[in-house]
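Data block for protein.csv (CSV, C-alpha atoms and all ligand atoms):
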chain,number,residue,atom,x,y,z
A,1,MET,CA,40.5,-4.0,1.0
A,2,PRO,CA,37.6,-2.6,-1.1
A,3,ARG,CA,34.3,-2.8,0.6
A,4,VAL,CA,31.6,-4.5,-1.3
A,5,PRO,CA,28.3,-2.7,-0.8
A,6,THR,CA,25.8,-5.0,0.7
A,7,PRO,CA,22.6,-5.1,-1.3
A,8,VAL,CA,19.6,-3.8,0.5
A,9,ALA,CA,18.0,-6.9,1.9
A,10,CYS,CA,14.7,-7.6,3.5
A,11,VAL,CA,15.9,-7.9,7.0
A,12,PRO,CA,13.6,-8.1,10.0
A,13,VAL,CA,14.0,-4.9,12.1
A,14,ASN,CA,11.4,-5.8,14.7
A,15,PRO,CA,13.1,-5.5,18.2
A,16,SER,CA,11.1,-8.4,19.5
A,17,PHE,CA,12.5,-10.5,16.7
A,18,HIS,CA,13.8,-13.3,18.9
A,19,ARG,CA,10.6,-13.9,20.7
A,20,ARG,CA,8.5,-13.8,17.6
A,21,ALA,CA,11.1,-15.2,15.2
A,22,SER,CA,8.9,-17.4,13.1
A,23,LYS,CA,6.0,-14.9,12.8
A,24,THR,CA,8.3,-12.0,12.0
A,25,LEU,CA,10.2,-14.0,9.5
A,26,PHE,CA,7.0,-15.1,7.9
A,27,HIS,CA,5.7,-11.5,7.7
A,28,THR,CA,9.1,-10.3,6.4
A,29,ALA,CA,9.0,-12.9,3.7
A,30,ALA,CA,5.4,-11.9,2.7
A,31,VAL,CA,6.3,-8.2,2.7
A,32,CYS,CA,9.4,-8.8,0.6
A,33,ALA,CA,7.5,-10.8,-1.8
A,34,ALA,CA,4.8,-8.2,-2.0
A,35,ALA,CA,7.4,-5.5,-2.6
A,36,LEU,CA,9.2,-7.5,-5.3
A,37,TYR,CA,6.0,-8.1,-7.2
A,38,THR,CA,4.3,-4.8,-6.9
A,39,VAL,CA,5.0,-4.1,-10.6
A,40,ALA,CA,3.0,-7.0,-11.8
A,41,ALA,CA,-0.7,-6.6,-11.8
A,42,HIS,CA,-2.6,-9.1,-9.6
A,43,ALA,CA,0.6,-10.9,-8.5
A,44,GLN,CA,-0.2,-13.7,-6.2
A,45,LEU,CA,1.0,-13.2,-2.6
A,46,VAL,CA,2.9,-16.0,-0.8
A,47,GLU,CA,0.6,-18.5,0.7
A,48,PRO,CA,0.4,-18.1,4.5
A,49,THR,CA,0.7,-21.9,4.8
A,50,GLU,CA,0.6,-22.1,8.6
A,51,LEU,CA,-2.6,-20.2,8.8
A,52,VAL,CA,-4.2,-22.0,5.9
A,53,ASP,CA,-3.4,-25.4,7.4
A,54,GLN,CA,-4.5,-24.4,10.9
A,55,GLN,CA,-7.8,-23.1,9.6
A,56,HIS,CA,-8.2,-26.0,7.1
A,57,CYS,CA,-9.0,-23.6,4.2
A,58,MET,CA,-8.0,-26.2,1.6
A,59,PHE,CA,-10.4,-28.7,3.1
A,60,CYS,CA,-13.2,-26.9,1.1
A,61,HIS,CA,-11.4,-24.5,-1.3
A,62,THR,CA,-8.9,-24.9,-4.0
A,63,SER,CA,-7.1,-22.2,-5.8
A,64,ASP,CA,-8.7,-22.5,-9.2
A,65,ALA,CA,-11.3,-25.3,-9.2
A,66,PRO,CA,-14.7,-24.9,-7.5
A,67,PHE,CA,-15.0,-27.8,-5.0
A,68,LEU,CA,-17.1,-27.7,-1.9
A,69,ALA,CA,-16.8,-24.0,-2.0
A,70,PRO,CA,-16.0,-21.3,-4.6
A,71,SER,CA,-12.4,-21.3,-5.8
A,72,PHE,CA,-10.1,-18.6,-4.5
A,73,HIS,CA,-9.8,-17.4,-8.1
A,74,GLN,CA,-13.6,-17.0,-8.4
A,75,ILE,CA,-13.6,-15.1,-5.1
A,76,ALA,CA,-10.8,-12.8,-6.1
A,77,GLU,CA,-12.5,-12.2,-9.4
A,78,ARG,CA,-15.8,-11.3,-7.8
A,79,TYR,CA,-14.3,-8.9,-5.2
A,80,ARG,CA,-11.2,-7.5,-6.8
A,81,ASP,CA,-12.7,-4.2,-7.8
A,82,LYS,CA,-15.1,-3.8,-5.0
A,83,PRO,CA,-14.0,-1.2,-2.5
A,84,ASN,CA,-13.9,-2.4,1.1
A,85,ALA,CA,-14.6,-6.0,0.1
A,86,ASN,CA,-11.6,-7.0,2.2
A,87,VAL,CA,-13.2,-5.5,5.3
A,88,MET,CA,-16.4,-7.4,4.8
A,89,LEU,CA,-14.5,-10.6,4.1
A,90,GLU,CA,-12.2,-10.3,7.1
A,91,ASP,CA,-15.2,-9.8,9.3
A,92,LYS,CA,-17.0,-12.8,7.7
A,93,LEU,CA,-13.9,-15.0,8.2
A,94,ARG,CA,-13.9,-14.2,11.9
A,95,HIS,CA,-17.6,-13.9,12.7
A,96,GLY,CA,-19.5,-15.5,9.9
A,97,GLY,CA,-22.2,-13.9,7.8
A,98,LYS,CA,-24.8,-14.6,5.2
A,99,ALA,CA,-23.9,-16.9,2.3
A,100,HIS,CA,-23.0,-15.1,-0.9
A,101,TRP,CA,-22.5,-18.1,-3.2
A,102,GLY,CA,-25.1,-20.7,-2.4
A,103,ASP,CA,-26.8,-22.3,0.6
A,104,MET,CA,-23.8,-23.5,2.4
A,105,ALA,CA,-22.3,-20.9,4.7
A,106,MET,CA,-18.7,-21.1,5.8
A,107,PRO,CA,-18.0,-22.6,9.2
A,108,LEU,CA,-16.9,-20.3,12.0
A,109,PRO,CA,-13.2,-20.2,13.1
A,110,ALA,CA,-13.9,-22.4,16.2
A,111,ASP,CA,-15.1,-25.1,13.8
A,112,ARG,CA,-12.3,-24.6,11.4
A,113,GLY,CA,-9.4,-25.0,13.9
A,114,GLY,CA,-9.4,-22.2,16.4
A,115,PRO,CA,-9.9,-18.4,16.9
A,116,LEU,CA,-8.7,-16.1,14.1
A,117,SER,CA,-7.1,-12.7,15.0
A,118,ALA,CA,-8.0,-9.6,12.9
A,119,GLU,CA,-4.4,-9.6,11.7
A,120,ASP,CA,-4.5,-13.2,10.5
A,121,ALA,CA,-7.9,-12.6,8.9
A,122,ARG,CA,-6.4,-9.7,7.0
A,123,THR,CA,-3.4,-11.8,5.9
A,124,LEU,CA,-5.7,-14.6,4.6
A,125,VAL,CA,-8.1,-12.2,2.8
A,126,GLN,CA,-5.3,-10.4,1.1
A,127,TRP,CA,-3.8,-13.7,0.0
A,128,VAL,CA,-7.2,-14.9,-1.3
A,129,LEU,CA,-7.9,-11.7,-3.2
A,130,SER,CA,-4.4,-11.8,-4.8
A,131,GLN,CA,-5.2,-15.1,-6.6
B,1,LIG,C1,-15.9,-26.4,5.7
B,1,LIG,C2,-15.6,-25.8,4.4
B,1,LIG,C3,-14.9,-24.5,4.4
B,1,LIG,C4,-13.7,-24.2,5.0
B,1,LIG,C5,-12.8,-25.0,5.9
B,1,LIG,C6,-13.3,-22.8,4.5
B,1,LIG,N1,-14.3,-22.3,3.7
B,1,LIG,FE1,-14.3,-20.5,2.8
B,1,LIG,N2,-16.1,-20.9,2.0
B,1,LIG,C7,-16.8,-22.1,2.2
B,1,LIG,C8,-18.1,-22.0,1.6
B,1,LIG,C9,-19.2,-23.1,1.5
B,1,LIG,C10,-18.2,-20.7,1.0
B,1,LIG,C11,-19.4,-20.0,0.3
B,1,LIG,C12,-20.1,-19.2,1.4
B,1,LIG,C13,-21.0,-18.2,0.8
B,1,LIG,O1,-21.9,-18.5,0.0
B,1,LIG,O2,-20.8,-17.0,1.1
B,1,LIG,C14,-16.9,-20.0,1.4
B,1,LIG,C15,-16.6,-18.7,1.0
B,1,LIG,C16,-15.4,-18.1,1.3
B,1,LIG,C17,-15.1,-16.7,0.9
B,1,LIG,C18,-16.0,-15.7,0.2
B,1,LIG,C19,-17.0,-15.2,1.2
B,1,LIG,C20,-18.1,-14.3,0.5
B,1,LIG,O3,-18.8,-13.7,1.3
B,1,LIG,O4,-18.1,-14.2,-0.7
B,1,LIG,C21,-13.8,-16.5,1.3
B,1,LIG,C22,-13.0,-15.2,1.2
B,1,LIG,C23,-13.3,-17.7,1.9
B,1,LIG,N3,-14.3,-18.7,1.9
B,1,LIG,C24,-12.1,-17.9,2.5
B,1,LIG,C25,-11.7,-19.0,3.2
B,1,LIG,C26,-10.5,-19.1,4.0
B,1,LIG,C27,-9.4,-18.1,3.9
B,1,LIG,C28,-10.5,-20.3,4.7
B,1,LIG,C29,-9.5,-20.7,5.7
B,1,LIG,C30,-9.4,-19.8,6.8
B,1,LIG,C31,-11.8,-20.9,4.4
B,1,LIG,N4,-12.5,-20.1,3.5
B,1,LIG,C32,-12.2,-22.1,4.9
B,1,LIG,C33,-16.4,-23.2,2.8
B,1,LIG,C34,-15.3,-23.3,3.6
Could you show the structure in this file as structure tokens?
Ligand code: HEC
Amino acid sequence: MPRVPTPVACVPVNPSFHRRASKTLFHTAAVCAAALYTVAAHAQLVEPTELVDQQHCMFCHTSDAPFLAPSFHQIAERYRDKPNANVMLEDKLRHGGKAHWGDMAMPLPADRGGPLSAEDARTLVQWVLSQ
């Protein structure tokens, strides 16, 4: 019987896959999506929905219309070509910092829904800057 070559798929290879199934699957999906879209400039990354909900980002932000806070499009536009902006934004998401858009600063993670790890802050900032 002829063997049909299996297409190279985005399969999770993490050995701790079973313990961290949902997280690993999520990261795998995000990585696959990023890989698929690398050819298109500014392709938007997959929304990390679980994190966004847990931290209530959409309570104040929308993707494209300024609301209680600048839209994620505005933020991406402002920082897209600034080197190291992601580092500053990750730190700000986790520890706060001075307001860059107006008088209202962003609440700290504890007031948004719980502590935010460095890894999760990075995921969120990359997603915001891809919009
Ligand atoms: C209670 C409202 C509120 C929530 C919830 C909120 N934000 Fe914000 N966000 C703001 C405001 C207000 C600003 C503008 C602050 C400033 O002037 O720097 C802002 C600014 C930002 C900026 C730009 C910061 C800068 O220095 O330019 C980023 C990135 C951002 N928010 C991402 C997020 C993400 C991701 C989440 C969810 C984890 C989130 N925000 C949740 C209100 C909020």
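Taking all atoms listed in the file into account, ligand LIG 1 (chain B) lies nearest to A:Arg112 out of the set A:Arg122, A:Arg112, A:Arg94, A:Arg80.
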Q) Which of these residues is nearest to ligand LIG 1 (chain B), using all atoms listed in the file: A:Glu77, A:His61, A:Ala110, A:Pro66? A)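 Of A:Glu77, A:His61, A:Ala110, A:Pro66, the one nearest ligand LIG 1 (chain B) is A:His61, counting all atoms listed in the file.
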Q) For Gln55 of chain A, which of A:Gln74, A:Pro107, A:Ala85, A:Glu119 is the closest residue, counting only C-alpha atoms? A)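 Ranked by minimum distance to Gln55 of chain A, first place goes to A:Pro107.
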**Q.** Counting all atoms listed in the file, the option among A:Gln44, A:Gln131, A:Gln54, A:Asn84 closest to ligand LIG 1 (chain B)
**A.** A:Gln54
**Q.** Nearby residues, ligand LIG 1 (chain B), 6 Å, only C-alpha atoms and all ligand atoms, as a ChimeraX atom specification
**A.** /A:52,55-57,59-60,69,75,89,99-102,104-107,112,124-125
N, CA, C and O atoms modelled onto segment 44-65 of chain A, as an mmCIF file, keeping the file's coordinate frame:
data_model
loop_
_atom_site.group_PDB
_atom_site.id
_atom_site.type_symbol
_atom_site.label_atom_id
_atom_site.label_comp_id
_atom_site.auth_asym_id
_atom_site.auth_seq_id
_atom_site.Cartn_x
_atom_site.Cartn_y
_atom_site.Cartn_z
ATOM 1 N N GLN A 44 0.277 -12.886 -7.311
ATOM 2 C CA GLN A 44 -0.200 -13.700 -6.200
ATOM 3 C C GLN A 44 0.726 -13.547 -4.995
ATOM 4 O O GLN A 44 1.930 -13.661 -5.144
ATOM 5 N N LEU A 45 0.161 -13.323 -3.819
ATOM 6 C CA LEU A 45 1.000 -13.200 -2.600
ATOM 7 C C LEU A 45 1.391 -14.649 -2.185
ATOM 8 O O LEU A 45 0.775 -15.636 -2.575
ATOM 9 N N VAL A 46 2.421 -14.696 -1.366
ATOM 10 C CA VAL A 46 2.900 -16.000 -0.800
ATOM 11 C C VAL A 46 1.801 -16.577 0.068
ATOM 12 O O VAL A 46 1.189 -15.874 0.856
ATOM 13 N N GLU A 47 1.579 -17.854 -0.095
ATOM 14 C CA GLU A 47 0.600 -18.500 0.700
ATOM 15 C C GLU A 47 0.957 -18.479 2.208
ATOM 16 O O GLU A 47 2.055 -18.908 2.540
ATOM 17 N N PRO A 48 0.059 -17.993 3.087
ATOM 18 C CA PRO A 48 0.400 -18.100 4.500
ATOM 19 C C PRO A 48 0.076 -19.492 5.016
ATOM 20 O O PRO A 48 -0.896 -19.742 5.716
ATOM 21 N N THR A 49 0.939 -20.425 4.646
ATOM 22 C CA THR A 49 0.700 -21.900 4.800
ATOM 23 C C THR A 49 0.249 -22.263 6.221
ATOM 24 O O THR A 49 -0.683 -23.046 6.392
ATOM 25 N N GLU A 50 0.946 -21.700 7.213
ATOM 26 C CA GLU A 50 0.600 -22.100 8.600
ATOM 27 C C GLU A 50 -0.822 -21.811 8.947
ATOM 28 O O GLU A 50 -1.509 -22.647 9.520
ATOM 29 N N LEU A 51 -1.256 -20.612 8.566
ATOM 30 C CA LEU A 51 -2.600 -20.200 8.800
ATOM 31 C C LEU A 51 -3.628 -21.033 8.034
ATOM 32 O O LEU A 51 -4.664 -21.457 8.539
ATOM 33 N N VAL A 52 -3.294 -21.237 6.782
ATOM 34 C CA VAL A 52 -4.200 -22.000 5.900
ATOM 35 C C VAL A 52 -4.369 -23.397 6.404
ATOM 36 O O VAL A 52 -5.480 -23.922 6.418
ATOM 37 N N ASP A 53 -3.288 -24.002 6.896
ATOM 38 C CA ASP A 53 -3.400 -25.400 7.400
ATOM 39 C C ASP A 53 -4.155 -25.356 8.749
ATOM 40 O O ASP A 53 -5.012 -26.198 8.975
ATOM 41 N N GLN A 54 -3.855 -24.401 9.599
ATOM 42 C CA GLN A 54 -4.500 -24.400 10.900
ATOM 43 C C GLN A 54 -6.007 -24.168 10.769
ATOM 44 O O GLN A 54 -6.785 -24.691 11.554
ATOM 45 N N GLN A 55 -6.411 -23.388 9.756
ATOM 46 C CA GLN A 55 -7.800 -23.100 9.600
ATOM 47 C C GLN A 55 -8.476 -24.021 8.517
ATOM 48 O O GLN A 55 -9.625 -23.830 8.150
ATOM 49 N N HIS A 56 -7.700 -24.969 7.996
ATOM 50 C CA HIS A 56 -8.200 -26.000 7.100
ATOM 51 C C HIS A 56 -8.887 -25.363 5.822
ATOM 52 O O HIS A 56 -9.879 -25.910 5.331
ATOM 53 N N CYS A 57 -8.387 -24.248 5.349
ATOM 54 C CA CYS A 57 -9.000 -23.600 4.200
ATOM 55 C C CYS A 57 -9.131 -24.538 2.997
ATOM 56 O O CYS A 57 -10.141 -24.552 2.291
ATOM 57 N N MET A 58 -8.055 -25.351 2.782
ATOM 58 C CA MET A 58 -8.000 -26.200 1.600
ATOM 59 C C MET A 58 -8.861 -27.437 1.712
ATOM 60 O O MET A 58 -8.935 -28.232 0.803
ATOM 61 N N PHE A 59 -9.478 -27.598 2.883
ATOM 62 C CA PHE A 59 -10.400 -28.700 3.100
ATOM 63 C C PHE A 59 -11.600 -28.477 2.112
ATOM 64 O O PHE A 59 -12.154 -29.422 1.573
ATOM 65 N N CYS A 60 -12.009 -27.252 1.917
ATOM 66 C CA CYS A 60 -13.200 -26.900 1.100
ATOM 67 C C CYS A 60 -12.842 -26.130 -0.165
ATOM 68 O O CYS A 60 -13.583 -26.163 -1.129
ATOM 69 N N HIS A 61 -11.763 -25.354 -0.115
ATOM 70 C CA HIS A 61 -11.400 -24.500 -1.300
ATOM 71 C C HIS A 61 -10.229 -25.067 -2.012
ATOM 72 O O HIS A 61 -9.381 -25.733 -1.434
ATOM 73 N N THR A 62 -10.152 -24.745 -3.298
ATOM 74 C CA THR A 62 -8.900 -24.900 -4.000
ATOM 75 C C THR A 62 -8.600 -23.556 -4.632
ATOM 76 O O THR A 62 -9.440 -22.655 -4.625
ATOM 77 N N SER A 63 -7.424 -23.427 -5.172
ATOM 78 C CA SER A 63 -7.100 -22.200 -5.800
ATOM 79 C C SER A 63 -7.883 -21.866 -7.002
ATOM 80 O O SER A 63 -8.384 -20.762 -7.177
ATOM 81 N N ASP A 64 -8.053 -22.871 -7.875
ATOM 82 C CA ASP A 64 -8.700 -22.500 -9.200
ATOM 83 C C ASP A 64 -9.820 -23.441 -9.603
ATOM 84 O O ASP A 64 -10.365 -23.222 -10.669
ATOM 85 N N ALA A 65 -10.208 -24.423 -8.803
ATOM 86 C CA ALA A 65 -11.300 -25.300 -9.200
ATOM 87 C C ALA A 65 -12.399 -25.248 -8.126
ATOM 88 O O ALA A 65 -12.115 -25.578 -6.982
#
